[in-house]
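Written out below as structure tokens is the structure these notes cover.
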Amino acid sequence: MRILVVQEDNAIRNGVSVLLEIDLAAEVVGVAKSEDALATLQSNPLVIYDALVCNDAKENEPLLAFLKEHSPATRVFTLKNPKAKAVLSFPDQIVGSVNPLNLTEEVKALFKEKIPTLKPVASDDEEQNYCRVRALGAMQKSPLNFDLFVRLSAKKFVRVFKEGDVFTEKDVTAFLEKKKIEYLYFLKADAIKYAASLREDLEKAAKGADTNPEGATRAAVSAHEAVMELGNKIGFTPEVQALAKQGMLSTLRAVGGSSKPQLGKILKGIIAKKEEYIGYHAILTGQIACSLANGMEWSSDTTYQKLTFAAFFHDMVLTNGALAQVGSVSELETRKSEFTEEEQKRFRFHTLTAAQIINTFSEVPADVSVIISQHHEKPDGSGFPRGLAGQNIAPLSALFIIAHDLVGYIFEHGTEGIETFFADYKAKYSMGHFRKILSQIDIGKLGV
Ligand SMILES: [Fe+2]
Ligand SMILES: [Fe+2]
């Protein structure tokens with residue numbers, strides 16, 4: 001299958017192309033302008049495109065007219081806001097329109113529905129039918145409300161506990177200590193049940209007397225891990241969204257809820273487990289971002305919620321811990337051999353994919369997807385995917401980026417020498433909204 005994508009915005013064009021390549025195994029050609037697309041078609045009349053994806057805009061009319069005459073089998077998908085009135089009207093050719101803010105699911109669904117010959121990328125990996133859960137967490141739930149399996153190979157899973165089983169001390173020791181089993185699995189069919197029960201546990205813990213920040217951080221990290229696994233396996237259903245919300249609240253609870261989170265205090269009680277990088281770095285970024293907001297006097301509950309939500313989801317599609325630790329596209333280039341082609345593509349566009357996911361959530365403020373989509377931008381324009389500079393990076397995004405970079409430093413070097421981190425950082429990035437935020441961070445007062 002060959003698809004032509006016409007899109008002026010570089011990042012959107014690349015994002016759409018990657019999704020189509022990965023999810024539909026399509027060969028994608030991307031061009032910026034309608035006239036470039038027309039020139040491409042005219043210069044290679046023997047190359048037939050199965051589909052064209054372009055904006056619902058007047059300037060594409062000549063392109064559609066050309067296709068109608070010379071390549072009537074090419075199906076056209078327009079990118080448009082579902083609430084907006086359609087501009088282009090070629091009823092035979094336009095088979096559907098998709099919302100550019102929710103590309104992932106809509107593009108996939110429409111392509112599958114409208115092009116029946118298309119086969120989704122086949123996977124013979126049996127893991128697709130199971131969800132992974134940390135053995136330690138799974139064995140805290142007794143009696144069990146679903147069956148649990150161990151994985152013997154990529155295709156072989158064996159049931160070790162069934163619904164209703166009660167764990168004994170002996171079971172726990174045997175699995176965790178003797179057999180050193182880190183993960184157990186449950187059937188995808190039980191995913192919603194699992195999400196609901198984990199959310200209830202978190203709610204109970206939140207209402208309980210236990211206000212220990214370490215416990216709340218751990219709870220937030222396990223919610224993060226579960227949301228990531230479930231979201232990537234069954235999609236971000238309302239149950240998974242509710243679990244994510246509870247995880248976000250646990251993140252806030254760990255920094256003292258609505259009371260003002262202090263950076264110095266967070267740094268003192270820090271847990272940065274390298275072997276659980278994805279979860280811990282996400283939760284820690286949320287907590288540090290809230291403390292920076294507090295220092296800026298942006299200390300409202302809404303701001304804290306936006307920052308923790310953004311932190312919870314910013315790397316949601318990067319399930320490989322090593323990949324999530326990559327900081328830039330140039331670093332990715334030098335570490336290419338460690339990752340598959342698909343992982344590299346996922347990394348390049350993970351900010352946009354995660355922003356699209358959050359746009360499908362109910363009751364999440366728009367700023368959250370902006371923060372997520374900008375979390376790898378840099379004020380000197382050297383970031384990705386858009387290379388935004390200075391004031392083009394939103395204030396809350398700037399604050400989030402500083403928190404995220406600090407967390408990256410802490411995972412590598414610990415809290416020792418963060419004065420040097422800030423001094424270097426200020427020298428390099430005191431521009432745009434970063435300048436004001438950085439000028440308010442007083443290392444002397446942090447007590448680290
Ligand atoms: Fe990250
Ligand atoms: Fe990231």
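We label chains A, B, ... in the order they appear in the structure tokens, count residues from 1 in each chain, and number ligands from 1 in the order shown.
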Q: Name all residues at most 7 Å from Glu377 in chain A (count only C-alpha atoms; drop same-chain ones fewer than 5 positions away) and give them as a ChimeraX atom specification.
A: /A:383-384,387-388
Q: List all protein, DNA and RNA residues that have any atom at most 7 Å from ligand 2, counting only C-alpha atoms and all ligand atoms, and write the list as a PyMOL selection string.
A: chain A and resi 314-315+324+350-351+375-376
Please save N, CA, C and O atoms of the selected residues as a PDB file, in the first residue's frame.
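Saved as part-v3.pdb:
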```pdb
ATOM      1  N   HIS A 314       3.765  12.074  29.429  1.00  0.00           N
ATOM      2  CA  HIS A 314       4.616  12.625  28.378  1.00  0.00           C
ATOM      3  C   HIS A 314       5.363  11.569  27.564  1.00  0.00           C
ATOM      4  O   HIS A 314       5.572  11.744  26.380  1.00  0.00           O
ATOM      5  N   ASP A 315       5.759  10.455  28.190  1.00  0.00           N
ATOM      6  CA  ASP A 315       6.475   9.409  27.447  1.00  0.00           C
ATOM      7  C   ASP A 315       5.644   8.135  27.329  1.00  0.00           C
ATOM      8  O   ASP A 315       6.199   7.039  27.211  1.00  0.00           O
ATOM      9  N   ALA A 324      13.312   5.703  26.504  1.00  0.00           N
ATOM     10  CA  ALA A 324      12.749   6.860  27.207  1.00  0.00           C
ATOM     11  C   ALA A 324      13.850   7.732  27.810  1.00  0.00           C
ATOM     12  O   ALA A 324      13.638   8.897  28.105  1.00  0.00           O
ATOM     13  N   HIS A 350       7.181  10.712  19.614  1.00  0.00           N
ATOM     14  CA  HIS A 350       6.422  10.333  20.809  1.00  0.00           C
ATOM     15  C   HIS A 350       5.737  11.517  21.478  1.00  0.00           C
ATOM     16  O   HIS A 350       4.694  11.371  22.098  1.00  0.00           O
ATOM     17  N   THR A 351       6.289  12.713  21.305  1.00  0.00           N
ATOM     18  CA  THR A 351       5.668  13.881  21.945  1.00  0.00           C
ATOM     19  C   THR A 351       4.292  14.148  21.308  1.00  0.00           C
ATOM     20  O   THR A 351       3.339  14.472  22.001  1.00  0.00           O
ATOM     21  N   HIS A 375       7.614  18.867  25.115  1.00  0.00           N
ATOM     22  CA  HIS A 375       8.541  18.537  26.199  1.00  0.00           C
ATOM     23  C   HIS A 375       9.983  18.249  25.769  1.00  0.00           C
ATOM     24  O   HIS A 375      10.861  18.148  26.611  1.00  0.00           O
ATOM     25  N   HIS A 376      10.236  18.127  24.467  1.00  0.00           N
ATOM     26  CA  HIS A 376      11.632  17.994  24.021  1.00  0.00           C
ATOM     27  C   HIS A 376      12.108  19.207  23.216  1.00  0.00           C
ATOM     28  O   HIS A 376      13.135  19.151  22.554  1.00  0.00           O
TER      29      HIS A 376
END
```
Q | All residues having an atom within 9 Å of ligand 1 (only C-alpha atoms and all ligand atoms) as an MDAnalysis selection string | A | chainID A and resid 278 281:282 285 311 314:316 324:327 375:376 404:405 407:408
Could you dump the residues just selected with N, CA and C atoms as a compact mmCIF listing (two decimals), in the first residue's frame?
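result_35.txt written:
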```txt
# COMPACT_ATOMS: atom_id res chain seq x y z
N ILE A 278 11.22 4.57 33.69
CA ILE A 278 10.06 5.21 33.05
C ILE A 278 9.09 5.76 34.10
N HIS A 281 10.82 8.43 36.65
CA HIS A 281 11.17 9.73 36.07
C HIS A 281 9.90 10.52 35.76
N ALA A 282 8.81 9.82 35.40
CA ALA A 282 7.56 10.53 35.10
C ALA A 282 7.00 11.17 36.37
N THR A 285 9.26 14.00 37.66
CA THR A 285 9.16 15.21 36.84
C THR A 285 7.93 16.01 37.26
N ALA A 311 3.21 15.14 33.12
CA ALA A 311 4.34 14.29 33.48
C ALA A 311 3.97 12.82 33.38
N HIS A 314 3.76 12.07 29.43
CA HIS A 314 4.62 12.62 28.38
C HIS A 314 5.36 11.57 27.56
N ASP A 315 5.76 10.46 28.19
CA ASP A 315 6.48 9.41 27.45
C ASP A 315 5.64 8.14 27.33
N MET A 316 4.33 8.26 27.37
CA MET A 316 3.44 7.10 27.48
C MET A 316 3.64 6.06 26.37
N ALA A 324 13.31 5.70 26.50
CA ALA A 324 12.75 6.86 27.21
C ALA A 324 13.85 7.73 27.81
N GLN A 325 15.06 7.17 27.98
CA GLN A 325 16.16 7.95 28.55
C GLN A 325 16.92 8.77 27.51
N VAL A 326 16.62 8.53 26.23
CA VAL A 326 17.28 9.30 25.18
C VAL A 326 16.76 10.74 25.25
N GLY A 327 17.70 11.71 25.16
CA GLY A 327 17.27 13.09 25.37
C GLY A 327 17.05 13.90 24.11
N HIS A 375 7.61 18.87 25.12
CA HIS A 375 8.54 18.54 26.20
C HIS A 375 9.98 18.25 25.77
N HIS A 376 10.24 18.13 24.47
CA HIS A 376 11.63 17.99 24.02
C HIS A 376 12.11 19.21 23.22
N HIS A 404 12.08 18.34 33.74
CA HIS A 404 12.40 17.08 33.06
C HIS A 404 13.92 16.94 32.87
N ASP A 405 14.57 18.02 32.51
CA ASP A 405 16.03 17.98 32.33
C ASP A 405 16.74 17.76 33.67
N VAL A 407 15.50 16.13 36.20
CA VAL A 407 15.29 14.72 36.54
C VAL A 407 16.29 13.85 35.76
N GLY A 408 16.50 14.19 34.49
CA GLY A 408 17.48 13.45 33.69
C GLY A 408 18.85 13.51 34.34
```
Q | Surrounding residues of Val16 in chain A excluding itself and chain neighbours under 2 positions, 10 Å, only C-alpha atoms, as a list of chain:residue names | A | A:Val5, A:Val6, A:Gln7, A:Ala11, A:Ile12, A:Arg13, A:Asn14, A:Val18, A:Leu19, A:Leu20, A:Glu21, A:Val28, A:Gly30, A:Val53, A:Pro100, A:Leu103, A:Thr104, A:Val107, A:Phe349, A:Leu352, A:Thr353
Q: Pick out the residues sitting within 7 Å of range 223-228 of chain A, and hand them over as a ChimeraX atom specification; count only C-alpha atoms, and ignore anything fewer than 3 positions along from it in its own chain.
A: /A:219-220,231-232,240,243-244,247,279,312,316
Q | Residue among A:Leu202, A:Ala135, A:Leu396, A:Val166 lying closest to Met296 in chain A, counting only C-alpha atoms | A | A:Leu396
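When only C-alpha atoms are used to compute distances to Lys345 in chain A, the closest of the residues A:Leu307, A:Val317, A:Ala423, A:Ala84 turns out to be A:Val317.
Near Phe77 in chain A, within 9 Å and counting only C-alpha atoms, sit Ala51, Leu52, Val53, Cys54, Asn55, Asp56, Arg75, Leu79, Gln93, Ile94, Val95, Gly96, Ser97, Val98, Val107, Leu110 and Phe111 of chain A, not including residues fewer than 2 positions from it in the same chain.
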Can I get the selected residues back with N, CA, C and O atoms, as a compact mmCIF listing (two decimals), in the first residue's frame?
```txt
# COMPACT_ATOMS: atom_id res chain seq x y z
N ALA A 51 -3.85 5.85 -1.53
CA ALA A 51 -4.57 6.87 -0.78
C ALA A 51 -3.79 8.17 -0.72
O ALA A 51 -2.56 8.19 -0.83
N LEU A 52 -4.56 9.26 -0.56
CA LEU A 52 -3.97 10.58 -0.36
C LEU A 52 -4.51 11.12 0.96
O LEU A 52 -5.71 11.01 1.22
N VAL A 53 -3.63 11.68 1.77
CA VAL A 53 -4.09 12.33 3.01
C VAL A 53 -3.71 13.80 2.91
O VAL A 53 -2.52 14.12 2.71
N CYS A 54 -4.69 14.69 2.96
CA CYS A 54 -4.37 16.13 2.84
C CYS A 54 -5.35 16.95 3.67
O CYS A 54 -6.36 16.44 4.15
N ASN A 55 -5.07 18.22 3.83
CA ASN A 55 -5.97 19.10 4.57
C ASN A 55 -7.26 19.32 3.78
O ASN A 55 -7.26 19.25 2.55
N ASP A 56 -8.33 19.59 4.51
CA ASP A 56 -9.59 19.93 3.85
C ASP A 56 -9.51 21.42 3.50
O ASP A 56 -10.01 22.27 4.22
N ARG A 75 -7.98 6.75 -3.00
CA ARG A 75 -8.96 7.24 -2.04
C ARG A 75 -8.37 8.44 -1.29
O ARG A 75 -7.18 8.46 -0.99
N LEU A 79 -7.86 15.84 6.42
CA LEU A 79 -7.62 16.13 7.84
C LEU A 79 -8.46 17.34 8.19
O LEU A 79 -8.28 18.42 7.63
N GLN A 93 -14.47 10.63 -4.29
CA GLN A 93 -13.09 10.36 -3.91
C GLN A 93 -12.84 10.45 -2.42
O GLN A 93 -12.07 9.68 -1.88
N ILE A 94 -13.48 11.43 -1.78
CA ILE A 94 -13.20 11.61 -0.36
C ILE A 94 -13.98 10.57 0.43
O ILE A 94 -15.20 10.60 0.48
N VAL A 95 -13.27 9.63 0.98
CA VAL A 95 -13.96 8.55 1.68
C VAL A 95 -14.11 8.84 3.17
O VAL A 95 -14.81 8.15 3.87
N GLY A 96 -13.45 9.84 3.64
CA GLY A 96 -13.62 10.15 5.05
C GLY A 96 -12.72 11.29 5.47
O GLY A 96 -11.79 11.66 4.76
N SER A 97 -13.05 11.88 6.62
CA SER A 97 -12.15 12.91 7.13
C SER A 97 -11.78 12.53 8.55
O SER A 97 -12.53 11.86 9.25
N VAL A 98 -10.59 12.95 8.94
CA VAL A 98 -10.12 12.62 10.28
C VAL A 98 -9.76 13.88 11.04
O VAL A 98 -9.36 14.87 10.44
N VAL A 107 -7.37 7.66 11.97
CA VAL A 107 -6.74 7.27 10.69
C VAL A 107 -6.79 5.76 10.56
O VAL A 107 -7.20 5.21 9.54
N LEU A 110 -10.44 4.47 9.98
CA LEU A 110 -10.97 4.77 8.65
C LEU A 110 -10.27 3.97 7.56
O LEU A 110 -10.90 3.46 6.65
N PHE A 111 -8.96 3.85 7.69
CA PHE A 111 -8.24 3.09 6.69
C PHE A 111 -8.71 1.63 6.70
O PHE A 111 -8.91 1.03 5.66
```
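Here the strand (DSSP E or B) residues in range 167-409 of chain A, by DSSP on the backbone, are Tyr183, Leu184, Tyr185, Phe186, Leu187, Asp380 and Ala389 of chain A.
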Selection above as a file: all heavy atoms, as a compact mmCIF listing (two decimals), in the first residue's frame:
```
# COMPACT_ATOMS: atom_id res chain seq x y z
N TYR A 183 7.87 -10.40 36.65
CA TYR A 183 6.55 -10.09 36.10
C TYR A 183 5.65 -11.31 36.01
O TYR A 183 6.11 -12.41 35.72
CB TYR A 183 6.70 -9.52 34.68
CG TYR A 183 7.29 -8.14 34.66
CD1 TYR A 183 8.62 -7.94 34.30
CD2 TYR A 183 6.52 -7.03 35.00
CE1 TYR A 183 9.18 -6.67 34.29
CE2 TYR A 183 7.07 -5.76 35.00
CZ TYR A 183 8.40 -5.58 34.64
OH TYR A 183 8.93 -4.33 34.63
N LEU A 184 4.37 -11.09 36.23
CA LEU A 184 3.36 -12.10 35.96
C LEU A 184 2.45 -11.51 34.88
O LEU A 184 2.56 -10.33 34.54
CB LEU A 184 2.58 -12.43 37.24
CG LEU A 184 3.37 -13.21 38.30
CD1 LEU A 184 2.63 -13.21 39.62
CD2 LEU A 184 3.65 -14.64 37.83
N TYR A 185 1.54 -12.33 34.35
CA TYR A 185 0.68 -11.87 33.25
C TYR A 185 -0.77 -12.24 33.54
O TYR A 185 -1.04 -13.24 34.20
CB TYR A 185 1.12 -12.54 31.94
CG TYR A 185 2.49 -12.08 31.50
CD1 TYR A 185 3.64 -12.60 32.09
CD2 TYR A 185 2.63 -11.09 30.53
CE1 TYR A 185 4.90 -12.16 31.72
CE2 TYR A 185 3.90 -10.64 30.16
CZ TYR A 185 5.02 -11.17 30.75
OH TYR A 185 6.25 -10.73 30.39
N PHE A 186 -1.69 -11.40 33.01
CA PHE A 186 -3.10 -11.81 33.05
C PHE A 186 -3.66 -11.62 31.65
O PHE A 186 -3.07 -10.92 30.82
CB PHE A 186 -3.89 -11.03 34.12
CG PHE A 186 -3.83 -9.54 33.98
CD1 PHE A 186 -4.67 -8.86 33.12
CD2 PHE A 186 -2.92 -8.80 34.74
CE1 PHE A 186 -4.61 -7.48 33.01
CE2 PHE A 186 -2.84 -7.42 34.63
CZ PHE A 186 -3.70 -6.76 33.76
N LEU A 187 -4.81 -12.26 31.38
CA LEU A 187 -5.39 -12.19 30.04
C LEU A 187 -5.90 -10.78 29.73
O LEU A 187 -6.43 -10.11 30.63
CB LEU A 187 -6.55 -13.18 29.90
CG LEU A 187 -6.15 -14.65 29.80
CD1 LEU A 187 -7.37 -15.53 29.95
CD2 LEU A 187 -5.43 -14.92 28.46
N ASP A 380 16.71 27.42 22.54
CA ASP A 380 17.60 27.89 21.45
C ASP A 380 17.22 27.26 20.11
O ASP A 380 17.93 27.42 19.12
CB ASP A 380 19.07 27.57 21.79
CG ASP A 380 19.32 26.07 21.95
OD1 ASP A 380 18.35 25.29 21.86
OD2 ASP A 380 20.48 25.68 22.17
N ALA A 389 11.49 27.90 19.27
CA ALA A 389 12.50 28.64 20.03
C ALA A 389 11.85 29.74 20.85
O ALA A 389 10.72 30.15 20.58
CB ALA A 389 13.53 29.24 19.09
```
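Summary of the local environment: counting only C-alpha atoms, residues at most 9 Å from Phe339 in chain A, other than itself and those fewer than 5 positions away along its chain, are Ala322, Leu323, Leu332 and Gln344 of chain A.
Each of A:Ile441, A:Ile401, A:Ala195, A:Ala109 was compared to Gln262 in chain A using only C-alpha atoms, and A:Ile441 turns out to be the nearest.
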**Q.** Residues within 10 Å of Pro379 in chain A, only C-alpha atoms, excluding chain neighbours under 2 positions, as a list of chain:residue names
**A.** A:Glu377, A:Gly381, A:Ser382, A:Gly383, A:Gly387, A:Leu388, A:Ala389, A:Gly390, A:Gln391, A:Asn392, A:Ile393, A:Ala398, A:Ile401, A:Lys428, A:Tyr429, A:Ser430, A:Met431, A:Gly432, A:His433, A:Phe434, A:Arg435
Export of the given selection (N, CA, C and O atoms) as a compact mmCIF listing (two decimals), in the first residue's frame:
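Produced file result.txt, reproduced below:
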```
# COMPACT_ATOMS: atom_id res chain seq x y z
N GLU A 377 11.36 20.30 23.27
CA GLU A 377 11.82 21.52 22.60
C GLU A 377 12.86 22.19 23.50
O GLU A 377 12.89 21.96 24.71
N GLY A 381 16.09 26.55 20.08
CA GLY A 381 15.61 25.99 18.81
C GLY A 381 16.22 24.66 18.45
O GLY A 381 15.97 24.12 17.38
N SER A 382 17.02 24.08 19.36
CA SER A 382 17.72 22.85 19.02
C SER A 382 16.90 21.59 19.38
O SER A 382 17.37 20.48 19.20
N GLY A 383 15.68 21.79 19.90
CA GLY A 383 14.88 20.62 20.30
C GLY A 383 14.10 20.00 19.16
O GLY A 383 14.27 20.38 18.00
N GLY A 387 11.38 22.15 16.70
CA GLY A 387 12.49 23.10 16.75
C GLY A 387 11.99 24.49 17.15
O GLY A 387 12.49 25.50 16.65
N LEU A 388 11.02 24.54 18.06
CA LEU A 388 10.48 25.84 18.51
C LEU A 388 11.55 26.58 19.30
O LEU A 388 12.40 25.95 19.94
N ALA A 389 11.49 27.90 19.27
CA ALA A 389 12.50 28.64 20.03
C ALA A 389 11.85 29.74 20.85
O ALA A 389 10.72 30.15 20.58
N GLY A 390 12.60 30.21 21.87
CA GLY A 390 12.22 31.38 22.68
C GLY A 390 10.78 31.34 23.15
O GLY A 390 10.33 30.37 23.74
N GLN A 391 10.08 32.44 22.86
CA GLN A 391 8.72 32.62 23.36
C GLN A 391 7.73 31.62 22.76
O GLN A 391 6.59 31.53 23.21
N ASN A 392 8.12 30.92 21.69
CA ASN A 392 7.19 29.96 21.08
C ASN A 392 6.97 28.72 21.93
O ASN A 392 6.09 27.93 21.67
N ILE A 393 7.83 28.56 22.93
CA ILE A 393 7.60 27.47 23.88
C ILE A 393 6.78 28.06 25.03
O ILE A 393 7.18 29.06 25.64
N ALA A 398 7.91 25.40 29.31
CA ALA A 398 9.29 25.75 29.66
C ALA A 398 9.61 25.24 31.06
O ALA A 398 10.65 24.60 31.29
N ILE A 401 9.97 21.49 30.98
CA ILE A 401 11.22 21.06 30.33
C ILE A 401 12.39 21.17 31.33
O ILE A 401 13.23 20.28 31.43
N LYS A 428 23.18 28.41 29.31
CA LYS A 428 22.81 27.93 27.98
C LYS A 428 21.40 28.36 27.57
O LYS A 428 21.15 28.67 26.41
N TYR A 429 20.47 28.35 28.52
CA TYR A 429 19.06 28.47 28.15
C TYR A 429 18.32 29.67 28.72
O TYR A 429 17.09 29.66 28.77
N SER A 430 19.03 30.71 29.17
CA SER A 430 18.29 31.85 29.72
C SER A 430 17.70 32.71 28.60
O SER A 430 18.22 33.78 28.28
N MET A 431 16.67 32.20 27.98
CA MET A 431 15.99 32.94 26.91
C MET A 431 14.52 32.55 26.92
O MET A 431 14.13 31.58 27.57
N GLY A 432 13.70 33.34 26.24
CA GLY A 432 12.26 33.07 26.22
C GLY A 432 11.71 33.01 27.63
O GLY A 432 12.19 33.70 28.53
N HIS A 433 10.71 32.17 27.85
CA HIS A 433 10.12 32.05 29.19
C HIS A 433 11.08 31.37 30.17
O HIS A 433 10.87 31.43 31.37
N PHE A 434 12.10 30.71 29.65
CA PHE A 434 13.04 30.02 30.52
C PHE A 434 13.78 31.00 31.44
O PHE A 434 14.08 30.68 32.57
N ARG A 435 14.07 32.18 30.88
CA ARG A 435 14.88 33.15 31.65
C ARG A 435 14.24 33.46 33.00
O ARG A 435 14.87 33.36 34.04
```
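Straight-line separation from CA of Tyr194 in chain A to CA of Gln241 in chain A: 13.1 Å.
Closest approach to Arg348 in chain A among A:Ser17, A:Asn294, A:Ser89, A:Gln287: A:Ser17, based on only C-alpha atoms.
Residue nearest Thr308 in chain A within the list A:Ile371, A:Ala355, A:Leu88, A:Leu152: A:Ile371 [criterion: smallest interatomic distance, only C-alpha atoms].
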